[in-house]
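K.L.:
Data file protein_26.csv (CSV, C-alpha atoms) is appended below.
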chain,number,residue,atom,x,y,z
H,1,MET,CA,69.2,88.0,139.2
H,2,ARG,CA,70.5,85.2,141.4
H,3,ASP,CA,72.3,82.2,140.1
H,4,LEU,CA,70.0,79.7,138.3
H,5,LYS,CA,70.2,76.0,138.1
H,6,ASP,CA,71.4,75.2,134.5
H,7,ARG,CA,68.7,72.8,133.3
H,8,CYS,CA,65.0,72.4,133.8
H,9,ARG,CA,63.4,69.2,132.5
H,10,LEU,CA,59.9,70.0,131.3
H,11,ALA,CA,57.0,67.7,130.7
H,12,LEU,CA,54.2,69.6,128.8
H,13,VAL,CA,51.0,67.7,128.9
H,14,GLN,CA,48.6,68.2,126.0
H,15,ALA,CA,45.6,66.1,127.0
H,16,GLU,CA,41.8,66.0,126.9
H,17,PRO,CA,39.9,66.6,130.1
H,18,VAL,CA,36.9,64.5,131.0
H,19,MET,CA,34.2,67.1,130.7
H,20,PHE,CA,32.2,68.0,133.8
H,21,ASP,CA,33.8,65.1,135.8
H,22,LYS,CA,36.3,66.4,138.4
H,23,ASP,CA,37.0,62.9,139.7
H,24,ALA,CA,37.8,61.5,136.3
H,25,CYS,CA,39.9,64.6,135.5
H,26,LEU,CA,41.8,64.2,138.7
H,27,ARG,CA,42.5,60.5,138.0
H,28,LYS,CA,43.7,61.3,134.5
H,29,ALA,CA,46.0,64.1,135.8
H,30,LEU,CA,47.5,61.9,138.5
H,31,GLU,CA,48.1,59.1,135.9
H,32,LEU,CA,49.8,61.6,133.6
H,33,ILE,CA,51.9,63.0,136.5
H,34,ARG,CA,53.1,59.5,137.2
H,35,GLU,CA,53.9,59.0,133.5
H,36,ALA,CA,55.9,62.2,133.5
H,37,ALA,CA,57.9,61.3,136.7
H,38,GLY,CA,61.5,62.4,136.3
H,39,ALA,CA,60.6,65.8,134.9
H,40,ASP,CA,61.4,68.9,137.0
H,41,LEU,CA,58.2,70.7,135.9
H,42,ILE,CA,54.9,69.2,134.7
H,43,VAL,CA,52.4,71.6,133.0
H,44,PHE,CA,48.7,71.0,132.2
H,45,PRO,CA,46.3,73.2,130.2
H,46,GLU,CA,43.7,75.8,131.2
H,47,LEU,CA,40.7,74.4,133.1
H,48,PHE,CA,41.9,70.9,132.9
H,49,ILE,CA,39.6,70.2,135.8
H,50,PRO,CA,36.7,69.8,135.0
H,51,GLY,CA,37.3,70.9,131.3
H,52,TYR,CA,36.8,74.0,129.2
H,53,PRO,CA,33.2,73.9,127.9
H,54,ILE,CA,33.9,75.3,124.4
H,55,GLY,CA,30.8,76.4,122.6
H,56,MET,CA,28.4,76.4,125.6
H,57,ASN,CA,26.5,79.4,126.8
H,58,PHE,CA,24.6,77.8,129.7
H,59,GLY,CA,21.3,79.3,128.6
H,60,PHE,CA,22.5,82.9,128.8
H,61,SER,CA,21.3,85.5,126.3
H,62,MET,CA,21.0,89.3,126.7
H,63,GLY,CA,18.6,89.8,129.6
H,64,LYS,CA,17.5,86.2,129.8
H,65,ARG,CA,18.5,82.8,131.3
H,66,THR,CA,17.0,79.4,131.0
H,67,GLU,CA,16.4,76.8,133.7
H,68,PRO,CA,18.1,73.9,131.7
H,69,GLY,CA,21.1,76.2,131.3
H,70,ARG,CA,21.1,77.0,135.0
H,71,THR,CA,21.0,73.2,135.6
H,72,ASP,CA,24.1,72.6,133.5
H,73,TRP,CA,25.9,75.6,135.1
H,74,LYS,CA,25.2,74.1,138.5
H,75,ARG,CA,26.5,70.8,137.3
H,76,TYR,CA,29.7,72.5,136.2
H,77,TYR,CA,29.8,74.4,139.6
H,78,ASP,CA,29.6,71.1,141.5
H,79,ALA,CA,32.5,69.8,139.4
H,80,SER,CA,34.7,72.8,140.2
H,81,LEU,CA,37.3,72.7,143.0
H,82,LEU,CA,37.8,74.4,146.3
H,83,ALA,CA,41.3,75.9,146.8
H,84,ASP,CA,41.7,73.9,150.0
H,85,GLY,CA,39.7,70.8,148.7
H,86,PRO,CA,40.9,67.2,148.5
H,87,GLU,CA,41.7,67.4,144.7
H,88,LEU,CA,44.4,70.0,145.1
H,89,LYS,CA,45.7,68.3,148.1
H,90,ALA,CA,46.0,65.1,146.1
H,91,LEU,CA,47.9,67.0,143.4
H,92,ALA,CA,50.1,68.6,146.0
H,93,GLN,CA,50.9,65.2,147.3
H,94,ALA,CA,51.7,63.9,143.8
H,95,ALA,CA,54.1,66.9,143.3
H,96,GLN,CA,56.0,65.8,146.4
H,97,GLU,CA,56.0,62.1,145.4
H,98,VAL,CA,57.5,62.8,141.9
H,99,LYS,CA,59.6,65.7,143.2
H,100,ALA,CA,58.4,68.0,140.5
H,101,TYR,CA,56.7,71.4,140.2
H,102,ILE,CA,53.2,71.0,138.7
H,103,SER,CA,51.1,73.7,137.0
H,104,ILE,CA,47.4,72.9,136.4
H,105,GLY,CA,44.3,74.8,135.4
H,106,PHE,CA,41.0,74.4,137.2
H,107,SER,CA,37.6,75.9,137.8
H,108,GLU,CA,37.8,77.3,141.3
H,109,ARG,CA,34.7,77.4,143.5
H,110,ASP,CA,34.9,80.2,146.1
H,111,ALA,CA,34.3,78.8,149.5
H,112,SER,CA,32.4,81.9,150.8
H,113,THR,CA,30.4,82.9,147.7
H,114,GLY,CA,28.7,81.3,144.7
H,115,THR,CA,31.3,82.6,142.3
H,116,LEU,CA,33.5,80.5,140.1
H,117,TYR,CA,37.0,81.6,139.0
H,118,ASN,CA,39.2,80.4,136.1
H,119,SER,CA,42.3,79.6,138.1
H,120,ASN,CA,45.7,78.0,137.8
H,121,ALA,CA,47.6,76.3,140.6
H,122,ILE,CA,51.4,75.8,140.8
H,123,LEU,CA,52.4,73.2,143.3
H,124,SER,CA,56.0,72.7,144.5
H,125,PRO,CA,57.8,69.5,145.5
H,126,GLN,CA,57.9,71.0,149.1
H,127,GLY,CA,54.1,71.1,149.3
H,128,GLU,CA,53.6,74.8,148.5
H,129,ILE,CA,50.5,75.8,146.5
H,130,SER,CA,50.3,79.1,144.6
H,131,ILE,CA,47.0,80.0,142.9
H,132,HIS,CA,46.4,82.6,140.3
H,133,ARG,CA,42.8,83.7,139.3
H,134,LYS,CA,42.2,85.0,135.8
H,135,LEU,CA,41.9,88.8,135.9
H,136,LYS,CA,39.3,89.2,133.2
H,137,PRO,CA,37.4,86.2,131.7
H,138,THR,CA,37.2,86.6,127.9
H,139,GLY,CA,34.0,87.1,126.0
H,140,SER,CA,31.2,84.9,127.2
H,141,GLU,CA,33.5,83.3,129.8
H,142,ARG,CA,32.2,86.3,131.9
H,143,MET,CA,28.9,84.5,132.2
H,144,VAL,CA,30.6,81.6,134.0
H,145,TRP,CA,33.6,82.9,135.9
H,146,GLY,CA,34.1,86.1,137.8
H,147,ASP,CA,36.9,88.7,137.6
H,148,ALA,CA,39.8,87.8,140.0
H,149,ASN,CA,39.4,89.5,143.3
H,150,ARG,CA,42.8,88.3,144.7
H,151,ASP,CA,45.8,86.1,143.6
H,152,TYR,CA,46.6,88.5,140.7
H,153,PHE,CA,50.3,87.9,140.0
H,154,PRO,CA,51.7,85.3,142.3
H,155,VAL,CA,55.1,83.8,141.4
H,156,MET,CA,56.8,80.8,142.9
H,157,GLU,CA,60.6,80.8,143.6
H,158,THR,CA,62.2,77.8,141.9
H,159,PRO,CA,65.8,76.6,141.3
H,160,TRP,CA,65.4,78.1,137.8
H,161,GLY,CA,64.2,81.5,138.9
H,162,PRO,CA,60.7,82.9,139.6
H,163,MET,CA,57.9,81.1,137.8
H,164,GLY,CA,54.5,82.6,137.1
H,165,ASN,CA,51.5,82.2,134.8
H,166,LEU,CA,48.9,84.2,132.9
H,167,ILE,CA,45.8,82.4,131.7
H,168,CYS,CA,44.9,82.5,128.0
H,169,TRP,CA,44.0,86.0,126.8
H,170,GLU,CA,45.6,87.6,129.9
H,171,SER,CA,48.7,87.5,127.8
H,172,TYR,CA,47.1,90.1,125.6
H,173,MET,CA,47.1,92.5,128.5
H,174,PRO,CA,50.4,94.4,128.2
H,175,LEU,CA,50.4,95.6,131.8
H,176,ALA,CA,49.7,92.2,133.2
H,177,ARG,CA,52.8,90.9,131.4
H,178,VAL,CA,54.9,93.7,132.8
H,179,ALA,CA,53.6,92.9,136.3
H,180,LEU,CA,55.1,89.4,135.9
H,181,TYR,CA,58.3,90.8,134.3
H,182,GLN,CA,58.8,93.1,137.3
H,183,LYS,CA,58.9,90.0,139.5
H,184,GLY,CA,61.8,88.6,137.4
H,185,ILE,CA,60.2,85.6,135.9
H,186,THR,CA,62.3,83.2,133.9
H,187,ILE,CA,59.5,80.7,133.2
H,188,TYR,CA,56.2,82.1,131.9
H,189,ILE,CA,53.4,79.5,131.9
H,190,SER,CA,50.4,80.0,129.7
H,191,PRO,CA,47.5,77.6,130.2
H,192,ASN,CA,45.1,78.4,127.3
H,193,THR,CA,42.8,77.2,124.6
H,194,ASN,CA,44.3,79.3,121.8
H,195,ASP,CA,44.7,76.9,118.8
H,196,ASN,CA,44.8,79.7,116.2
H,197,PRO,CA,47.9,80.6,114.1
H,198,GLU,CA,48.0,84.2,115.3
H,199,TRP,CA,48.6,83.0,118.9
H,200,GLN,CA,51.9,81.5,117.8
H,201,ALA,CA,53.1,85.0,116.8
H,202,THR,CA,52.0,86.3,120.1
H,203,ILE,CA,53.9,83.8,122.2
H,204,GLN,CA,57.1,84.3,120.3
H,205,HIS,CA,56.8,88.0,120.9
H,206,ILE,CA,56.2,87.6,124.6
H,207,ALA,CA,59.2,85.3,125.0
H,208,ILE,CA,61.4,87.9,123.3
H,209,GLU,CA,59.9,90.8,125.2
H,210,GLY,CA,60.2,89.1,128.6
H,211,LYS,CA,63.4,87.3,128.0
H,212,CYS,CA,61.8,84.2,129.5
H,213,PHE,CA,60.8,80.7,128.4
H,214,PHE,CA,57.2,80.7,127.3
H,215,ILE,CA,55.4,77.4,128.1
H,216,ASN,CA,52.4,77.3,125.7
H,217,SER,CA,50.0,74.7,127.3
H,218,ASP,CA,46.9,73.9,125.2
H,219,MET,CA,44.4,71.0,125.3
H,220,ILE,CA,42.5,68.7,123.0
H,221,VAL,CA,38.7,68.7,123.0
H,222,HIS,CA,36.4,66.5,120.9
H,223,ARG,CA,32.8,67.1,120.3
H,224,GLY,CA,32.1,63.7,121.8
H,225,SER,CA,33.7,64.8,125.1
H,226,TYR,CA,30.5,66.5,126.3
H,227,PRO,CA,28.1,64.6,128.6
H,228,ALA,CA,25.3,63.0,126.6
H,229,ASP,CA,22.7,64.0,129.3
H,230,LEU,CA,23.1,67.8,129.4
H,231,ALA,CA,19.9,69.4,130.5
H,232,ASN,CA,20.2,71.9,127.6
H,233,PRO,CA,21.5,70.0,124.6
H,234,GLU,CA,20.5,72.9,122.4
H,235,ASP,CA,23.5,74.7,124.0
H,236,LEU,CA,25.7,72.6,121.6
H,237,ARG,CA,23.7,73.2,118.4
H,238,ASP,CA,26.4,75.4,116.8
H,239,LEU,CA,29.0,72.7,117.3
H,240,PRO,CA,29.8,70.0,114.7
H,241,ALA,CA,27.6,66.9,115.1
H,242,ASP,CA,30.5,64.5,114.5
H,243,PRO,CA,31.7,63.2,117.9
H,244,ASP,CA,35.2,62.9,116.5
H,245,ALA,CA,35.3,66.6,115.4
H,246,LEU,CA,38.1,68.5,117.2
H,247,LEU,CA,36.9,71.7,118.9
H,248,CYS,CA,40.4,72.5,120.2
H,249,ARG,CA,43.4,71.2,118.3
H,250,GLY,CA,46.2,71.9,120.9
H,251,GLY,CA,49.3,73.5,119.5
H,252,SER,CA,51.3,73.2,122.7
H,253,CYS,CA,55.0,74.2,122.4
H,254,VAL,CA,57.9,75.8,124.2
H,255,ILE,CA,59.6,79.1,123.1
H,256,ASP,CA,63.0,80.2,124.3
H,257,PRO,CA,63.9,83.7,125.3
H,258,TYR,CA,65.0,84.5,121.7
H,259,GLY,CA,61.6,83.7,120.3
H,260,HIS,CA,62.7,80.3,118.8
H,261,TYR,CA,60.9,77.1,119.2
H,262,VAL,CA,62.4,74.7,121.6
H,263,THR,CA,59.7,72.3,120.6
H,264,GLU,CA,57.4,72.9,117.6
H,265,PRO,CA,53.6,73.1,118.1
H,266,VAL,CA,51.9,69.7,118.3
H,267,TRP,CA,48.4,69.5,116.8
H,268,ASP,CA,45.4,67.1,117.0
H,269,LYS,CA,46.6,64.6,119.5
H,270,GLU,CA,47.2,63.9,123.2
H,271,THR,CA,50.8,63.7,124.1
H,272,ILE,CA,53.5,64.7,126.6
H,273,ILE,CA,56.1,67.0,125.1
H,274,TYR,CA,59.5,66.8,126.8
H,275,ALA,CA,62.1,69.5,126.7
H,276,ASP,CA,65.3,70.5,128.4
H,277,LEU,CA,65.4,74.2,129.1
H,278,ASP,CA,68.8,75.9,129.2
H,279,MET,CA,68.1,78.3,131.9
H,280,GLN,CA,71.3,80.3,131.4
H,281,LEU,CA,69.7,81.7,128.3
H,282,ALA,CA,67.3,83.6,130.6
H,283,VAL,CA,70.2,85.5,131.9
H,284,SER,CA,72.6,85.9,129.0
H,285,CYS,CA,70.0,87.1,126.6
H,286,ARG,CA,69.2,90.1,128.8
H,287,MET,CA,72.5,91.6,127.8
H,288,GLU,CA,70.8,93.5,125.0
H,289,HIS,CA,67.3,93.8,126.3
H,290,ASP,CA,65.9,93.7,129.8
H,291,ALA,CA,62.3,95.1,129.8
H,292,VAL,CA,62.3,96.1,133.5
H,293,GLY,CA,66.0,96.7,133.8
H,294,HIS,CA,68.5,98.5,131.6
H,295,TYR,CA,66.0,98.7,128.7
H,296,SER,CA,63.4,100.5,130.8
H,297,ARG,CA,62.9,104.2,131.7
H,298,PRO,CA,61.3,104.2,135.2
H,299,ASP,CA,61.8,108.0,135.3
H,300,VAL,CA,59.3,108.2,132.4
H,301,LEU,CA,57.1,105.1,132.6
H,302,GLU,CA,56.0,103.3,135.7
H,303,LEU,CA,53.5,100.4,136.4
H,304,LEU,CA,51.6,100.5,139.7
H,305,VAL,CA,50.1,97.1,140.6
H,306,HIS,CA,47.3,97.0,143.3
H,307,GLU,CA,48.0,93.7,144.9
Let's see the structure in the file written out as structure tokens.
P.N.:
Amino acid sequence: MRDLKDRCRLALVQAEPVMFDKDACLRKALELIREAAGADLIVFPELFIPGYPIGMNFGFSMGKRTEPGRTDWKRYYDASLLADGPELKALAQAAQEVKAYISIGFSERDASTGTLYNSNAILSPQGEISIHRKLKPTGSERMVWGDANRDYFPVMETPWGPMGNLICWESYMPLARVALYQKGITIYISPNTNDNPEWQATIQHIAIEGKCFFINSDMIVHRGSYPADLANPEDLRDLPADPDALLCRGGSCVIDPYGHYVTEPVWDKETIIYADLDMQLAVSCRMEHDAVGHYSRPDVLELLVHE
């Protein structure tokens, strides 16, 4: 492992997207980036643009679809971003202006097909853009987003070592984690909507296993965040009626390579969590355990990645 810069100043954004509104989401993201200026790395949650539609099924049921559901899906489709569209270009420009790396989740609209992907972009202060598509959408997410067909395990070289991300339940895929470990990541970004207590145990384990900093980036979503004029309002019938009810409570935090909290989980509010990461830990802690180095047996076990 090459020499790493000692410190990384992190700004972890726990915020609520403006559901189905890519322009408003972009404006909010740019405002938060300006607020976090001075940080080396600014991280946003999963599908921050145009929001994670918790509880919606877009009129899908086994063997059936509905026209109002199709209308709402098309609305979400129209609010999704092209990888080379103006929204990501604006975010890339913001990264250059504040001289920070930015990670942000978005719904990606494929330019050549009608498929959406649950994607995450990492943007560098030099204008580079690295996009990762979620390998396997979870549960009924499969009715909205497709399986990744490229951009499986990209990493970006940074002064603090290689940085990559897995989206939400991708982190429950052991081989996907190893694919990142094999690339030497020191910062593991997890944009997600996992506000359950079991997830906290998972992320501590991964930080220890990978000997990396785990950036747990979750969001806030209220019932009242959804547009009032959905074509299929019945889609939300199983959600609480109270507009102030929280559908996703956050829980964003940072874990060090020993599995300890650098910052404790923050619940039930929008905030920017700041932390200074001691990047020398990502090297020194590998003395006793290096999952793809001295604590591996490549003569017995081997991972083959089809990239």
K.L.:
Produce a table with one row for each residue of segment 167-267 of chain H that has an atom at most 9 Å from any atom of segment 138-158 of chain H, each row naming the nearest atom pair and its distance in Å at one decimal; use only C-alpha atoms; arrange rows by chain and rising residue number; format as a tab-separated table.
P.N.:
residue	atom	partner	partner_atom	distance
H:Cys168	CA	H:Thr138	CA	8.7
H:Trp169	CA	H:Thr138	CA	6.9
H:Glu170	CA	H:Thr138	CA	8.7
H:Ala176	CA	H:Phe153	CA	8.1
H:Ala179	CA	H:Phe153	CA	7.0
H:Leu180	CA	H:Phe153	CA	6.5
H:Lys183	CA	H:Val155	CA	7.5
H:Ile185	CA	H:Val155	CA	7.7
K.L.:
In Å, rounded to a single decimal, give me how far atom CA of Ser107 of chain H is from atom CA of Ala79 of chain H.
P.N.:
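Those two atoms sit 8.1 Å apart.
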K.L.:
Could you produce a table of the residues of segment 8-30 of chain H lying within 8 Å of segment 222-239 of chain H, with the nearest pair of atoms per residue and their separation in Å rounded to one decimal, using all atoms listed in the file, ordered by chain and increasing residue number, as CSV?
P.N.:
residue,atom,partner,partner_atom,distance
H:Val18,CA,H:Ser225,CA,6.7
H:Met19,CA,H:Tyr226,CA,5.8
H:Phe20,CA,H:Pro227,CA,7.4
K.L.:
I need the chosen residues saved as an mmCIF file, in the frame of the given file, with C-alpha atoms.
P.N.:
data_model
loop_
_atom_site.group_PDB
_atom_site.id
_atom_site.type_symbol
_atom_site.label_atom_id
_atom_site.label_comp_id
_atom_site.auth_asym_id
_atom_site.auth_seq_id
_atom_site.Cartn_x
_atom_site.Cartn_y
_atom_site.Cartn_z
ATOM 1 C CA VAL H 18 36.900 64.500 131.000
ATOM 2 C CA MET H 19 34.200 67.100 130.700
ATOM 3 C CA PHE H 20 32.200 68.000 133.800
#
K.L.:
Ranking H:Val300, H:Ile208, H:Ile189, H:Ile215 by minimum distance to Cys285 of chain H and counting only C-alpha atoms, which one comes first?
P.N.:
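Checking each of H:Val300, H:Ile208, H:Ile189, H:Ile215 against Cys285 of chain H, counting only C-alpha atoms, the winner is H:Ile208.
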K.L.:
Which distance in Å separates atom CA of Gly51 of chain H and atom CA of Lys89 of chain H, to one decimal?
P.N.:
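Computing the Euclidean distance for atom CA of Gly51 of chain H and atom CA of Lys89 of chain H yields 19.0 Å.
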K.L.:
Can you tell me, as a ChimeraX atom specification, what residues are no more than 12 Å from Glu128 of chain H when counting all atoms listed in the file, ignoring any on the same chain fewer than 3 positions away?
P.N.:
/H:88-89,91-93,95-96,100-103,121-125,131,155-158
K.L.:
Quick one: everything within 6 Å of segment 68-75 of chain H, counting only C-alpha atoms, minus sequence neighbours fewer than 2 positions away in the same chain. Send it as a count of residues only.
P.N.:
7
K.L.:
For a quick check of understanding, using all atoms listed in the file, which of H:Gly210, H:Pro240, H:Pro265, H:Pro159 has the smallest distance to Pro174 of chain H?
P.N.:
H:Gly210
K.L.:
Tell me which of H:Val262, H:Ile272, H:Leu247, H:Leu166 sits closest to Gly55 of chain H, counting all atoms listed in the file.
P.N.:
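That would be H:Leu247, the residue with the smallest distance to Gly55 of chain H.
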K.L.:
In Å, with one decimal, what is the gap from atom CA of Ala83 of chain H to atom CA of Tyr181 of chain H?
P.N.:
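Between these atoms lies a distance of 25.8 Å.
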K.L.:
What's the 7 Å shell around segment 22-39 of chain H, counting all atoms listed in the file, without same-chain residues fewer than 2 positions away, as a list in words?
P.N.:
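So, after excluding close chain neighbours, the residues are Arg9, Leu10, Ala11, Pro17, Val18, Phe20, Leu41, Ile42, Ile49, Pro50, Ala79, Ser80, Glu87, Val98 and Ala100 of chain H.
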K.L.:
Hey, can you pull every residue with an atom no more than 7 Å from (62.0, 74.6, 124.3), using all atoms listed in the file, and send it as a PyMOL selection string?
P.N.:
chain H and resi 254-256+261-263+275-277
K.L.:
Measuring atom to atom with only C-alpha atoms, identify which of H:Thr186, H:Asn194, H:Ser252, H:Ser217 is nearest to Arg286 of chain H.
P.N.:
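Nearest candidate to Arg286 of chain H out of H:Thr186, H:Asn194, H:Ser252, H:Ser217: H:Thr186.
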K.L.:
For Asp110 of chain H, please output as a list in words all residues within 8 Å (counting all atoms listed in the file; exclusion window: fewer than 6 positions along the same chain).
P.N.:
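The neighbour list is Leu82, Ala83, Leu116 and Tyr117 of chain H.
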K.L.:
Could you pull segment 265-282 of chain H out of the block above and save it with N, CA and C atoms, as a PDB file, in the first residue's frame?
P.N.:
ATOM      1  N   PRO H 265     -24.297   6.888  15.594  1.00  0.00           N
ATOM      2  CA  PRO H 265     -25.440   7.075  14.690  1.00  0.00           C
ATOM      3  C   PRO H 265     -26.309   8.271  15.105  1.00  0.00           C
ATOM      4  N   VAL H 266     -26.744   9.023  14.115  1.00  0.00           N
ATOM      5  CA  VAL H 266     -27.637  10.162  14.338  1.00  0.00           C
ATOM      6  C   VAL H 266     -29.007   9.792  13.779  1.00  0.00           C
ATOM      7  N   TRP H 267     -30.035   9.973  14.596  1.00  0.00           N
ATOM      8  CA  TRP H 267     -31.385   9.534  14.220  1.00  0.00           C
ATOM      9  C   TRP H 267     -32.336  10.720  14.118  1.00  0.00           C
ATOM     10  N   ASP H 268     -33.312  10.593  13.222  1.00  0.00           N
ATOM     11  CA  ASP H 268     -34.535  11.406  13.223  1.00  0.00           C
ATOM     12  C   ASP H 268     -34.343  12.875  12.886  1.00  0.00           C
ATOM     13  N   LYS H 269     -33.229  13.238  12.250  1.00  0.00           N
ATOM     14  CA  LYS H 269     -33.060  14.647  11.889  1.00  0.00           C
ATOM     15  C   LYS H 269     -32.083  14.793  10.737  1.00  0.00           C
ATOM     16  N   GLU H 270     -32.252  15.916  10.040  1.00  0.00           N
ATOM     17  CA  GLU H 270     -31.288  16.280   9.012  1.00  0.00           C
ATOM     18  C   GLU H 270     -30.083  16.939   9.676  1.00  0.00           C
ATOM     19  N   THR H 271     -28.910  16.598   9.180  1.00  0.00           N
ATOM     20  CA  THR H 271     -27.696  17.176   9.748  1.00  0.00           C
ATOM     21  C   THR H 271     -26.527  16.884   8.827  1.00  0.00           C
ATOM     22  N   ILE H 272     -25.424  17.565   9.046  1.00  0.00           N
ATOM     23  CA  ILE H 272     -24.150  17.208   8.437  1.00  0.00           C
ATOM     24  C   ILE H 272     -23.231  16.754   9.563  1.00  0.00           C
ATOM     25  N   ILE H 273     -22.757  15.536   9.458  1.00  0.00           N
ATOM     26  CA  ILE H 273     -21.881  14.939  10.469  1.00  0.00           C
ATOM     27  C   ILE H 273     -20.441  15.122  10.005  1.00  0.00           C
ATOM     28  N   TYR H 274     -19.627  15.760  10.826  1.00  0.00           N
ATOM     29  CA  TYR H 274     -18.227  15.982  10.474  1.00  0.00           C
ATOM     30  C   TYR H 274     -17.329  15.043  11.264  1.00  0.00           C
ATOM     31  N   ALA H 275     -16.275  14.597  10.610  1.00  0.00           N
ATOM     32  CA  ALA H 275     -15.318  13.713  11.272  1.00  0.00           C
ATOM     33  C   ALA H 275     -13.962  13.845  10.597  1.00  0.00           C
ATOM     34  N   ASP H 276     -12.915  13.734  11.393  1.00  0.00           N
ATOM     35  CA  ASP H 276     -11.547  13.678  10.875  1.00  0.00           C
ATOM     36  C   ASP H 276     -11.087  12.230  10.930  1.00  0.00           C
ATOM     37  N   LEU H 277     -10.801  11.651   9.772  1.00  0.00           N
ATOM     38  CA  LEU H 277     -10.410  10.252   9.689  1.00  0.00           C
ATOM     39  C   LEU H 277      -8.893  10.139   9.746  1.00  0.00           C
ATOM     40  N   ASP H 278      -8.387   9.364  10.680  1.00  0.00           N
ATOM     41  CA  ASP H 278      -6.950   9.093  10.801  1.00  0.00           C
ATOM     42  C   ASP H 278      -6.607   7.970   9.829  1.00  0.00           C
ATOM     43  N   MET H 279      -6.155   8.332   8.648  1.00  0.00           N
ATOM     44  CA  MET H 279      -5.973   7.345   7.599  1.00  0.00           C
ATOM     45  C   MET H 279      -4.802   6.406   7.839  1.00  0.00           C
ATOM     46  N   GLN H 280      -3.935   6.736   8.774  1.00  0.00           N
ATOM     47  CA  GLN H 280      -2.850   5.801   9.088  1.00  0.00           C
ATOM     48  C   GLN H 280      -3.382   4.531   9.751  1.00  0.00           C
ATOM     49  N   LEU H 281      -4.581   4.610  10.335  1.00  0.00           N
ATOM     50  CA  LEU H 281      -5.194   3.406  10.907  1.00  0.00           C
ATOM     51  C   LEU H 281      -5.447   2.352   9.839  1.00  0.00           C
ATOM     52  N   ALA H 282      -5.762   2.814   8.628  1.00  0.00           N
ATOM     53  CA  ALA H 282      -6.074   1.874   7.553  1.00  0.00           C
ATOM     54  C   ALA H 282      -4.858   1.042   7.148  1.00  0.00           C
TER      55      ALA H 282
END
